[in-house]
Amino acid sequence: MNPATLRDALRALGVPAEKGRTSAIRQLVLQAPAPVIAQALGHHDKSTTRIAAAAGALWKHYAPGDHP
C-alpha cells in the first residue's frame with residue numbers, strides 16, 4: 001500500500017487525513033525543533049516552522065546545522 005492509496009481509503013471512510021497529518025506534525029514540533037522534524041520527515045523547513053509558530057513551539061532560538 002502506498003500513501004496515495006491509504007489517503008484515498010481514508011477519504012472514502014470520511015476520515016480527514018490532512019488534518020490528522022498536520023496535528024501529528026504540530027505535536028512533533030512541540031517536542032523537537034522544526035528544522036529537525038522537517039529533515040526527518042522530508043518536509044520543507046519553512047512549512048514546519050510555520051506549523052511550529054502556530055503551535056506555540058518554544059524552539060525559536062534553535063540554531064540548526066552541524067555543530068562541532
# chains A, B, ... in the order shown; residues from 1 in each chain; ligands from 1
>>> select_by_dssp(residues="chain A", states="alpha helix (DSSP H)", output="PyMOL selection string")
chain A and resi 3-12+17-31+34-41+45-55
>>> residues_around(residues="Ile51 (chain A)", least_positions_apart="6", cutoff="8 Å", atoms="only C-alpha atoms", output="list in words")
Thr22, Ile25, Arg26 and Val29 of chain A
>>> residues_around(residues="Ala34 (chain A)", least_positions_apart="5", cutoff="8 Å", atoms="only C-alpha atoms", output="ChimeraX atom specification")
/A:29,45,48-49,52,59
